[in-house]
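Worksheet: the structure to be examined is printed underneath.
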Amino acid sequence: MEMASDAALFEERVAETLKLCQNRREPPLVWAEEVLKCLDTAGLGLGLPSVELGQVLVSLLCFAYNSSCMWKFLDHALSFRLLSPLHVLSLLTSRVIPHRWSQPEAYRLYLELLSRYAFSFDLVESDASKERIIKSIDATLQLSQTYRVNVQELGHTMVLFFFSIVVSLLDSTLDDWGLPKTFPDKASGVARSGDYLNTDIESKGNKNFKQSEHRDQMRRTNSFLALEVLGTITDNRKVKVLLRLVHLNMPENFDSLLQRIQFLEAHKLASPVLKSANQLLVRFSANIRGVMDFEYQLNKRQLIGMLIHIGSNKPFSGCNSEAALSASWVSFDIYMENVMDVKQLPVKSAIVVLSEIIRTLQVFNRASWQETFLALWLSALRLVQRERDPLEGPIPHLESRLCILLSIVPLAIAPLLEDEVDSCHSSSQGGREFGGVGIGYRHEMDRKHHASRKHGLISSLQVLGHFSSLLCPPSSVVDAANLAAYKAVGFISNAKNGKDGLSESSHVNTFAKSGYQRCASGATTPDDSALPRAFSGGNMRHLIVEACIARNLIDTSAYFWPGYVSASVISMSDSSQIQGSPWSTFMEGAPLTSALVDALIAIPASSLAEIEKLYHIALNGSEEEKSAAAKILCGASLRRGWNIQEHVVHFMVKLLSPPIPPNFTGTRSHLIDYLPMLSAILFGASSIDTVHILSLHGVVPEVAAALMPLCEVFGSLTPTSNHKSTMAEELSIYMVFSSAFLFLLRLWKFYKPPLEQCISRRGGAIGSELTLEYLLILHNNKIVSTSDKPVYIDFYPKLRAWYCQNRSCIASTLSGLCNGNPVHQVANKILNMIYRKMTKTGALSGSSSAASSSTVTGEDAYQRPVIPAWEVLEAVPLVLEAILTACAHGILSSRDLTTGLRDLVDFLPASLVAIISYFSAEVSRGIWKLAPMNGKDWPSPAANLQSVESEIKEILTSVGVDAPRCSPGDSTAMLPLPMAALVSLTITFKLDKSLEYIHAVAGTSLENCASCCPWPSMPVIGSLWAQKVHKKAVAQLLRSCFTSFLGLSDASKSPFVRQIGVVGLLGDINWAQQATHRSMAPGYLYLRSCRTIHDVQYVNHVIVGLVSEFAQKMASRWTNKDFPQLKSGESSLSLATTKVRDVAGLGASLLCVTGGLQLVQELYQETLPTWLLSAREDKHGRVNSVSHITDGYAMAYLLVLSGSFVWGLGAKPSLWAFPVRARIIGAHFDFLAGIMEGNVSVGCDTDTWKAYVCCLVGLLVSLAPEWVQDVTPETLRKLAKGLRGWRECELALSLLEKGGSGTLGSAAELVNVID
């Protein structure tokens, strides 16, 4: 009560003083002096600008003392800083706008004051006054309630004040012009006029006609004046900054402003008043568009400002365009080539990863979608062409590469086009909600800056035809390419004849399938003998276009593109040559005879309906039909059915988990009834390329989850007979179990000790994808939104028991079992079986490499134990320990050991897993004697060792790596006994495609085991990383990657010096076949080797050092002059900067494929901080300031790009990635802020430090703005303060405005420091 009485007394004194001054006609200065006395009397004189005085004056003006003198004094009080303009204008806004019709004069004066003082951004120095002003403005305009925020900063208040002013004036104008519209926000509450009925009535009730006419005219002009003031306010650069803060941090509210503008533009033609105000509307609308397009003008006279604003990566004239284009997109090539490595199957879908890489590189290269998609297609084509006609071997070859080109890439593009469609749809829906204005304003503006993604895809496919050298199909794909081209010819011919294009397409599909008839008789490629004799010319582009059409990325209008098919053959469409398709016969209901099955296995299906029918037969057909359908599904449709490959993969995985039949009863598992089908699926999908295709489609976790119950069930069954299981197609429980078990273990590194699966010093799991638990976690995460139940290893006790035993066996020697134990009893049975085999057949004749499965007599079969597979596996380690110990003590010969091991694998192929695990562990322990590889006791490598060593040396020398002598000279080569036994066993397996499921398990594990031995038992890769000069070799190979990529190699040492960019890095088209001497591209060799590097942290330091070195070299090539001479070299700077970005992009790509998230985390938290803090000697001659600055730019680019590869650029990464990203980025920026505050001193050059920070901030705010909100507001303020100290005020403002609501006020308070 006392405070209210004091306020009333103060208001009365001020009113009396002002009235007295008005009666005496005192000048404004006297008015101010008298008012100050009133403030002193009330004890308010020290708190200027005065909140209380502002409230009193506005209260008097509205409208008890509404005189011109009072308005003039208010004007002077604002100019004398007695009052806060922000505060007074907010008070007037809430009082005057609602009464603008009854008080048009006051409204006119308010608009004039608004245009005069709206730009008075001087901040209040007194904290007490500031707090009172904030509270008063918030209460007056109801900011907190309207925008649902807690307004506590003056800058935050300024932002909301100006936005409220703009919206209120716009709504009042709409209201005055008779265009009222209700919008969903509450920002315009003060604009509603409630005094229409009292507009022209005097206080005495008499109507003055002339005055009424004058006031009507003023009301009309006030509306135009309000729009003019809006144009003036929003034309101011500082106001644009404040409105931009709303645009970025309160997008829903800014959208409401855009909707109002759309509403005005939609009614412009129908409203005469809007026509007359057209120029004012155009100006205001353009200003709001300018808010969305607003860019801070960094000081481009400084080199750092130029670096940040250099945008395009388009090749310059005088450069090889293809090489320059590929260099900017090298990450595509590195990723695609890296996923071809069989040593570790990707557990994450290549479709998802590639989609994110496409988005990332499009943003970083600031490229159009045509350029982006073209670069993507070229990278995929180079991937195929690098291995057109592959050599034999257990590694993924052409089918996996074609899968990338014709299946993975189109599927990765699809979500990008869907995002665009969804954006258009949501924007259209938003527009229709507000008067049918059309598409959303934001989307309309985005389309002006970025061409349609679909149009970019179409353009890229059209331009792709110019790259003829990459479009030449491999020999095994020539016929398929010709058939794809002929399909277009048939479609065009049919269109010219006026027929239905769809029916013609089906007609040509039938013809195309008939071209594969020859495959059914043993050929491996389609037969184009049915084509018109003059027809030829199909290339890889025809296959790519077909893959895109099949997934609705483009339509059949592509067939009419100029030059797509030769005009000379369009008229050739001879239906008389068309034969019947076996798939048509199948769909018509023909029985699955042997001939039809063979044809369907060799010919890929072309429609989802065909695959669905196969699936239902595999589940519900007869025993023979189930097996046949499964074989067909795993045939050409899975390997070469590129247009429907994702559907084939889906149904194949579903067949691994068949449903329980409706009438099924009994205690045994229903899986036993599906034995023929499951056997066919497991053997059909066991090839190297097929498993790799499954991994590329991202179904490894699902396959693992489906295989576990198969292993559990069939491994627990006791065979019904004791007939020997062979490597042929004989169907048995052992073989089905072994197929499923070996398939499961191919998906993770079962032979690695647990410690090696978690290498990171912080406990980050670089190898977490190598564990079975991790695969199940991925699977369970995928089914969260489905009705499927999660899968855990505890559900399968037999599998879990073996899993724990295997890990124990790897980690430590066998112990804890005594004779008489059931496991010992099984082991004795197996030993007896092996011993009888040895004593019956004797030693293997000749070299053990000639050993193979022998025919088993009835007596042999009878002696084989009949026990469940899990019991056999449990006992195998004891068997191995016994026979290896016997061999070490001379009791058992080496040949008998090899014979026994092979017989054990023949008995139960799954036992190979236990053999590998046991021998790998024993090799790593180093407790066994060395075995002489002399050709008598063990196989001798002498015949090939010298040539292999020469090959190794020549390959390593070609990539700049020193190759030490590996062979033992005249002495006999030696291997640890377990290694000798494992090698001897593996060379007994025939190199047969039917045994790929064996080779795939043995090959990678043998290579891993070889890396622990001093002798290079595996060519090239195993020998390279087994040397003691490991780190030196890594550094040399990485240096060769950079020099070959940049074209800086020594021509005398490297055959790749003739090429630069991607070709220099990864090799030319089919280089392995065309080279006259043995050589290997350094990047190719590194990608095949990097997974075996144990000290991956070392790679980080090497890559950072190389990026720094070559960035400085690029800058030195650009100019030898110092900083003041930079004005004339902007084009040269652009070229040099593009090269620096290419170097950093190469470094980021190699870093991510080597260690993924772990290395990126090391880069942020250790490597780059150490690099900044460490002083470095100049090893490359005198380095000028330009080199130092580009050095910092390269490091910033490396940091942001590598982070983008593992986290993506979006605001919402995966659930696991978001907290990791926020923690790592936040910690790095905390480190930078500490240096900015002077808590830590940098060791690098000052120019490098400043360039690093400025370029890092510039890259983040322009390319990854969502990341900024991962940093705490306090850290952002510290960085902004440091940037202001370097006169990078607009960069500081750009950083703060991306920081979210926490830094919105701090950003607004910086508006006074921008130019």
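Every chain in the structure tokens has a letter given in the order shown (A, B, ...), and although residue numbers restart at 1 in each chain, ligands are simply numbered from 1 in the order shown.
Residue neighbourhood of range 591-595 of chain A, excluding near-sequence residues (fewer than 6 positions): Gln517, Cys519, Ala520, Ser521, Gly522, Pro582, Trp583, Thr585, Ile601, Ala602, Leu614, Ile617, Ala618, Gly621, Ser622, Glu623, Glu624, Glu625, Lys626, Ser627, Ala628, Ala629, Ala630, Lys631 and Ile632 of chain A, at 12 Å, using only C-alpha atoms.
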Would you write out those residues with N, CA and C atoms, as a PDB file, in the first residue's frame?
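As a result, out-v2.pdb now contains:
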ATOM      1  N   GLN A 517      18.829 -67.578 -71.270  1.00  0.00           N
ATOM      2  CA  GLN A 517      18.558 -69.004 -71.385  1.00  0.00           C
ATOM      3  C   GLN A 517      19.840 -69.824 -71.395  1.00  0.00           C
ATOM      4  N   CYS A 519      22.374 -69.400 -69.700  1.00  0.00           N
ATOM      5  CA  CYS A 519      22.914 -69.593 -68.356  1.00  0.00           C
ATOM      6  C   CYS A 519      22.478 -70.921 -67.761  1.00  0.00           C
ATOM      7  N   ALA A 520      21.268 -71.343 -68.114  1.00  0.00           N
ATOM      8  CA  ALA A 520      20.756 -72.572 -67.520  1.00  0.00           C
ATOM      9  C   ALA A 520      21.588 -73.782 -67.920  1.00  0.00           C
ATOM     10  N   SER A 521      22.310 -73.644 -69.020  1.00  0.00           N
ATOM     11  CA  SER A 521      23.128 -74.765 -69.477  1.00  0.00           C
ATOM     12  C   SER A 521      24.586 -74.617 -69.075  1.00  0.00           C
ATOM     13  N   GLY A 522      24.849 -73.694 -68.161  1.00  0.00           N
ATOM     14  CA  GLY A 522      26.203 -73.606 -67.624  1.00  0.00           C
ATOM     15  C   GLY A 522      26.911 -72.313 -67.896  1.00  0.00           C
ATOM     16  N   PRO A 582      11.647 -68.283 -68.575  1.00  0.00           N
ATOM     17  CA  PRO A 582      11.351 -69.267 -67.535  1.00  0.00           C
ATOM     18  C   PRO A 582      10.592 -68.656 -66.362  1.00  0.00           C
ATOM     19  N   TRP A 583      10.796 -67.371 -66.103  1.00  0.00           N
ATOM     20  CA  TRP A 583      10.057 -66.729 -65.010  1.00  0.00           C
ATOM     21  C   TRP A 583       8.573 -66.590 -65.368  1.00  0.00           C
ATOM     22  N   THR A 585       7.038 -68.696 -67.273  1.00  0.00           N
ATOM     23  CA  THR A 585       6.545 -70.064 -67.108  1.00  0.00           C
ATOM     24  C   THR A 585       6.281 -70.361 -65.638  1.00  0.00           C
ATOM     25  N   ILE A 601      17.571 -70.352 -61.345  1.00  0.00           N
ATOM     26  CA  ILE A 601      18.761 -70.057 -60.549  1.00  0.00           C
ATOM     27  C   ILE A 601      19.710 -69.161 -61.325  1.00  0.00           C
ATOM     28  N   ALA A 602      19.802 -69.373 -62.638  1.00  0.00           N
ATOM     29  CA  ALA A 602      20.757 -68.630 -63.462  1.00  0.00           C
ATOM     30  C   ALA A 602      20.245 -67.277 -63.917  1.00  0.00           C
ATOM     31  N   LEU A 614       8.101 -67.142 -54.731  1.00  0.00           N
ATOM     32  CA  LEU A 614       9.168 -68.045 -54.303  1.00  0.00           C
ATOM     33  C   LEU A 614       9.162 -68.209 -52.786  1.00  0.00           C
ATOM     34  N   ILE A 617       6.401 -70.493 -51.626  1.00  0.00           N
ATOM     35  CA  ILE A 617       6.685 -71.899 -51.950  1.00  0.00           C
ATOM     36  C   ILE A 617       7.722 -72.458 -50.982  1.00  0.00           C
ATOM     37  N   ALA A 618       8.736 -71.641 -50.661  1.00  0.00           N
ATOM     38  CA  ALA A 618       9.787 -72.091 -49.742  1.00  0.00           C
ATOM     39  C   ALA A 618       9.217 -72.418 -48.361  1.00  0.00           C
ATOM     40  N   GLY A 621       5.581 -75.259 -49.688  1.00  0.00           N
ATOM     41  CA  GLY A 621       5.626 -76.286 -50.719  1.00  0.00           C
ATOM     42  C   GLY A 621       6.023 -77.638 -50.173  1.00  0.00           C
ATOM     43  N   SER A 622       6.212 -78.575 -51.088  1.00  0.00           N
ATOM     44  CA  SER A 622       6.691 -79.903 -50.707  1.00  0.00           C
ATOM     45  C   SER A 622       8.163 -79.816 -50.320  1.00  0.00           C
ATOM     46  N   GLU A 623       8.726 -80.913 -49.835  1.00  0.00           N
ATOM     47  CA  GLU A 623      10.129 -80.922 -49.431  1.00  0.00           C
ATOM     48  C   GLU A 623      11.027 -80.488 -50.586  1.00  0.00           C
ATOM     49  N   GLU A 624      10.780 -81.066 -51.778  1.00  0.00           N
ATOM     50  CA  GLU A 624      11.601 -80.720 -52.941  1.00  0.00           C
ATOM     51  C   GLU A 624      11.382 -79.276 -53.359  1.00  0.00           C
ATOM     52  N   GLU A 625      10.130 -78.822 -53.310  1.00  0.00           N
ATOM     53  CA  GLU A 625       9.841 -77.448 -53.727  1.00  0.00           C
ATOM     54  C   GLU A 625      10.451 -76.426 -52.768  1.00  0.00           C
ATOM     55  N   LYS A 626      10.430 -76.730 -51.480  1.00  0.00           N
ATOM     56  CA  LYS A 626      11.038 -75.814 -50.516  1.00  0.00           C
ATOM     57  C   LYS A 626      12.522 -75.629 -50.804  1.00  0.00           C
ATOM     58  N   SER A 627      13.199 -76.738 -51.008  1.00  0.00           N
ATOM     59  CA  SER A 627      14.631 -76.664 -51.289  1.00  0.00           C
ATOM     60  C   SER A 627      14.906 -75.943 -52.596  1.00  0.00           C
ATOM     61  N   ALA A 628      14.111 -76.246 -53.626  1.00  0.00           N
ATOM     62  CA  ALA A 628      14.315 -75.615 -54.935  1.00  0.00           C
ATOM     63  C   ALA A 628      14.065 -74.111 -54.857  1.00  0.00           C
ATOM     64  N   ALA A 629      12.994 -73.713 -54.187  1.00  0.00           N
ATOM     65  CA  ALA A 629      12.687 -72.278 -54.079  1.00  0.00           C
ATOM     66  C   ALA A 629      13.794 -71.535 -53.347  1.00  0.00           C
ATOM     67  N   ALA A 630      14.344 -72.140 -52.301  1.00  0.00           N
ATOM     68  CA  ALA A 630      15.436 -71.496 -51.568  1.00  0.00           C
ATOM     69  C   ALA A 630      16.674 -71.357 -52.441  1.00  0.00           C
ATOM     70  N   LYS A 631      16.989 -72.387 -53.218  1.00  0.00           N
ATOM     71  CA  LYS A 631      18.142 -72.307 -54.118  1.00  0.00           C
ATOM     72  C   LYS A 631      17.955 -71.210 -55.163  1.00  0.00           C
ATOM     73  N   ILE A 632      16.756 -71.106 -55.687  1.00  0.00           N
ATOM     74  CA  ILE A 632      16.486 -70.074 -56.690  1.00  0.00           C
ATOM     75  C   ILE A 632      16.657 -68.677 -56.084  1.00  0.00           C
TER      76      ILE A 632
END
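CA of Phe491 in chain A to CA of Thr556 in chain A spans 8.6 Å [interatomic distance, one decimal].
Rounded to one decimal, CA of Leu1310 in chain A and CA of Ser84 in chain A lie 18.1 Å from each other.
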Exercise: Ala484 in chain A partners within 9 Å, only C-alpha atoms, chain neighbours under 4 positions left out, as a PDB file with C-alpha atoms, in the first residue's frame:
ATOM      1  CA  ASP A 479      25.103 -58.802 -72.365  1.00  0.00           C
ATOM      2  CA  ALA A 480      23.072 -57.389 -69.461  1.00  0.00           C
ATOM      3  CA  ALA A 488      14.862 -48.660 -74.234  1.00  0.00           C
ATOM      4  CA  VAL A 489      14.902 -49.342 -77.969  1.00  0.00           C
ATOM      5  CA  ALA A 512      15.474 -59.706 -71.750  1.00  0.00           C
ATOM      6  CA  GLY A 538      24.746 -51.145 -74.201  1.00  0.00           C
ATOM      7  CA  ASN A 539      26.888 -49.643 -71.459  1.00  0.00           C
ATOM      8  CA  HIS A 542      21.850 -48.194 -69.313  1.00  0.00           C
ATOM      9  CA  LEU A 543      22.091 -50.453 -66.264  1.00  0.00           C
ATOM     10  CA  VAL A 545      19.134 -45.874 -65.540  1.00  0.00           C
ATOM     11  CA  GLU A 546      17.238 -49.160 -65.264  1.00  0.00           C
TER      12      GLU A 546
END
Which residues, written as a PyMOL selection string, have at least one atom at most 12 Å from Leu411 in chain A, with only C-alpha atoms counted and residues fewer than 4 positions away on the same chain left out? chain A and resi 349-355+403-407+415-418+544+547-553+642-647+696-697
Go through range 1219-1285 of chain A residue by residue and, counting only C-alpha atoms, keep those with an atom at most 10 Å from range 1188-1197 of chain A; for each kept residue give the shortest atom pair and its distance in Å to one decimal, ordered by chain and increasing number, as CSV.
residue,atom,partner,partner_atom,distance
A:Cys1244,CA,A:His1188,CA,9.2
A:Asp1245,CA,A:His1188,CA,6.9
A:Thr1246,CA,A:His1188,CA,8.4
A:Asp1247,CA,A:Ile1189,CA,5.6
A:Thr1248,CA,A:Gly1192,CA,4.6
A:Trp1249,CA,A:Gly1192,CA,6.4
A:Lys1250,CA,A:Gly1192,CA,7.6
A:Ala1251,CA,A:Gly1192,CA,5.0
A:Tyr1252,CA,A:Gly1192,CA,4.1
A:Val1253,CA,A:Ala1196,CA,7.5
A:Cys1254,CA,A:Tyr1193,CA,8.4
A:Cys1255,CA,A:Tyr1193,CA,5.7
A:Leu1256,CA,A:Ala1196,CA,4.8
A:Val1257,CA,A:Ala1196,CA,8.6
A:Gly1258,CA,A:Ala1196,CA,9.4
A:Leu1259,CA,A:Tyr1197,CA,7.4
A:Leu1260,CA,A:Ala1196,CA,9.4
For the selection just defined, write its residues with N, CA and C atoms to a file, as an mmCIF file, in the first residue's frame.
data_model
loop_
_atom_site.group_PDB
_atom_site.id
_atom_site.type_symbol
_atom_site.label_atom_id
_atom_site.label_comp_id
_atom_site.auth_asym_id
_atom_site.auth_seq_id
_atom_site.Cartn_x
_atom_site.Cartn_y
_atom_site.Cartn_z
ATOM 1 N N CYS A 1244 51.865 -23.253 -31.192
ATOM 2 C CA CYS A 1244 51.923 -23.060 -32.636
ATOM 3 C C CYS A 1244 52.023 -21.576 -32.963
ATOM 4 N N ASP A 1245 52.204 -21.272 -34.234
ATOM 5 C CA ASP A 1245 52.296 -19.881 -34.662
ATOM 6 C C ASP A 1245 50.994 -19.140 -34.361
ATOM 7 N N THR A 1246 51.110 -17.858 -33.993
ATOM 8 C CA THR A 1246 49.925 -17.065 -33.640
ATOM 9 C C THR A 1246 48.943 -16.974 -34.791
ATOM 10 N N ASP A 1247 49.459 -16.803 -36.014
ATOM 11 C CA ASP A 1247 48.580 -16.740 -37.184
ATOM 12 C C ASP A 1247 47.837 -18.065 -37.379
ATOM 13 N N THR A 1248 48.527 -19.169 -37.129
ATOM 14 C CA THR A 1248 47.890 -20.476 -37.246
ATOM 15 C C THR A 1248 46.766 -20.632 -36.218
ATOM 16 N N TRP A 1249 47.045 -20.192 -34.990
ATOM 17 C CA TRP A 1249 46.052 -20.288 -33.921
ATOM 18 C C TRP A 1249 44.812 -19.462 -34.244
ATOM 19 N N LYS A 1250 45.011 -18.224 -34.651
ATOM 20 C CA LYS A 1250 43.869 -17.374 -34.965
ATOM 21 C C LYS A 1250 43.095 -17.923 -36.159
ATOM 22 N N ALA A 1251 43.821 -18.393 -37.173
ATOM 23 C CA ALA A 1251 43.142 -18.939 -38.350
ATOM 24 C C ALA A 1251 42.351 -20.185 -37.990
ATOM 25 N N TYR A 1252 42.919 -21.017 -37.129
ATOM 26 C CA TYR A 1252 42.214 -22.237 -36.727
ATOM 27 C C TYR A 1252 40.903 -21.909 -36.040
ATOM 28 N N VAL A 1253 40.937 -21.015 -35.063
ATOM 29 C CA VAL A 1253 39.723 -20.686 -34.317
ATOM 30 C C VAL A 1253 38.693 -20.026 -35.225
ATOM 31 N N CYS A 1254 39.125 -19.034 -35.984
ATOM 32 C CA CYS A 1254 38.177 -18.304 -36.844
ATOM 33 C C CYS A 1254 37.581 -19.214 -37.913
ATOM 34 N N CYS A 1255 38.417 -20.017 -38.543
ATOM 35 C CA CYS A 1255 37.908 -20.902 -39.591
ATOM 36 C C CYS A 1255 37.040 -22.007 -39.009
ATOM 37 N N LEU A 1256 37.405 -22.499 -37.819
ATOM 38 C CA LEU A 1256 36.566 -23.511 -37.179
ATOM 39 C C LEU A 1256 35.183 -22.946 -36.881
ATOM 40 N N VAL A 1257 35.132 -21.759 -36.312
ATOM 41 C CA VAL A 1257 33.849 -21.127 -36.027
ATOM 42 C C VAL A 1257 33.098 -20.855 -37.326
ATOM 43 N N GLY A 1258 33.808 -20.337 -38.341
ATOM 44 C CA GLY A 1258 33.157 -20.049 -39.614
ATOM 45 C C GLY A 1258 32.586 -21.285 -40.269
ATOM 46 N N LEU A 1259 33.329 -22.390 -40.241
ATOM 47 C CA LEU A 1259 32.842 -23.635 -40.837
ATOM 48 C C LEU A 1259 31.645 -24.175 -40.076
ATOM 49 N N LEU A 1260 31.692 -24.089 -38.756
ATOM 50 C CA LEU A 1260 30.594 -24.611 -37.955
ATOM 51 C C LEU A 1260 29.307 -23.826 -38.185
#
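Between CA of Gly290 in chain A and CA of Asp235 in chain A the separation is 8.8 Å.
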Would you give me, as number ranges by chain, the residues in range 104-168 of chain A that DSSP reads as helix (DSSP H, G or I)? A: 104-117, 127-141, 143-147, 154-168
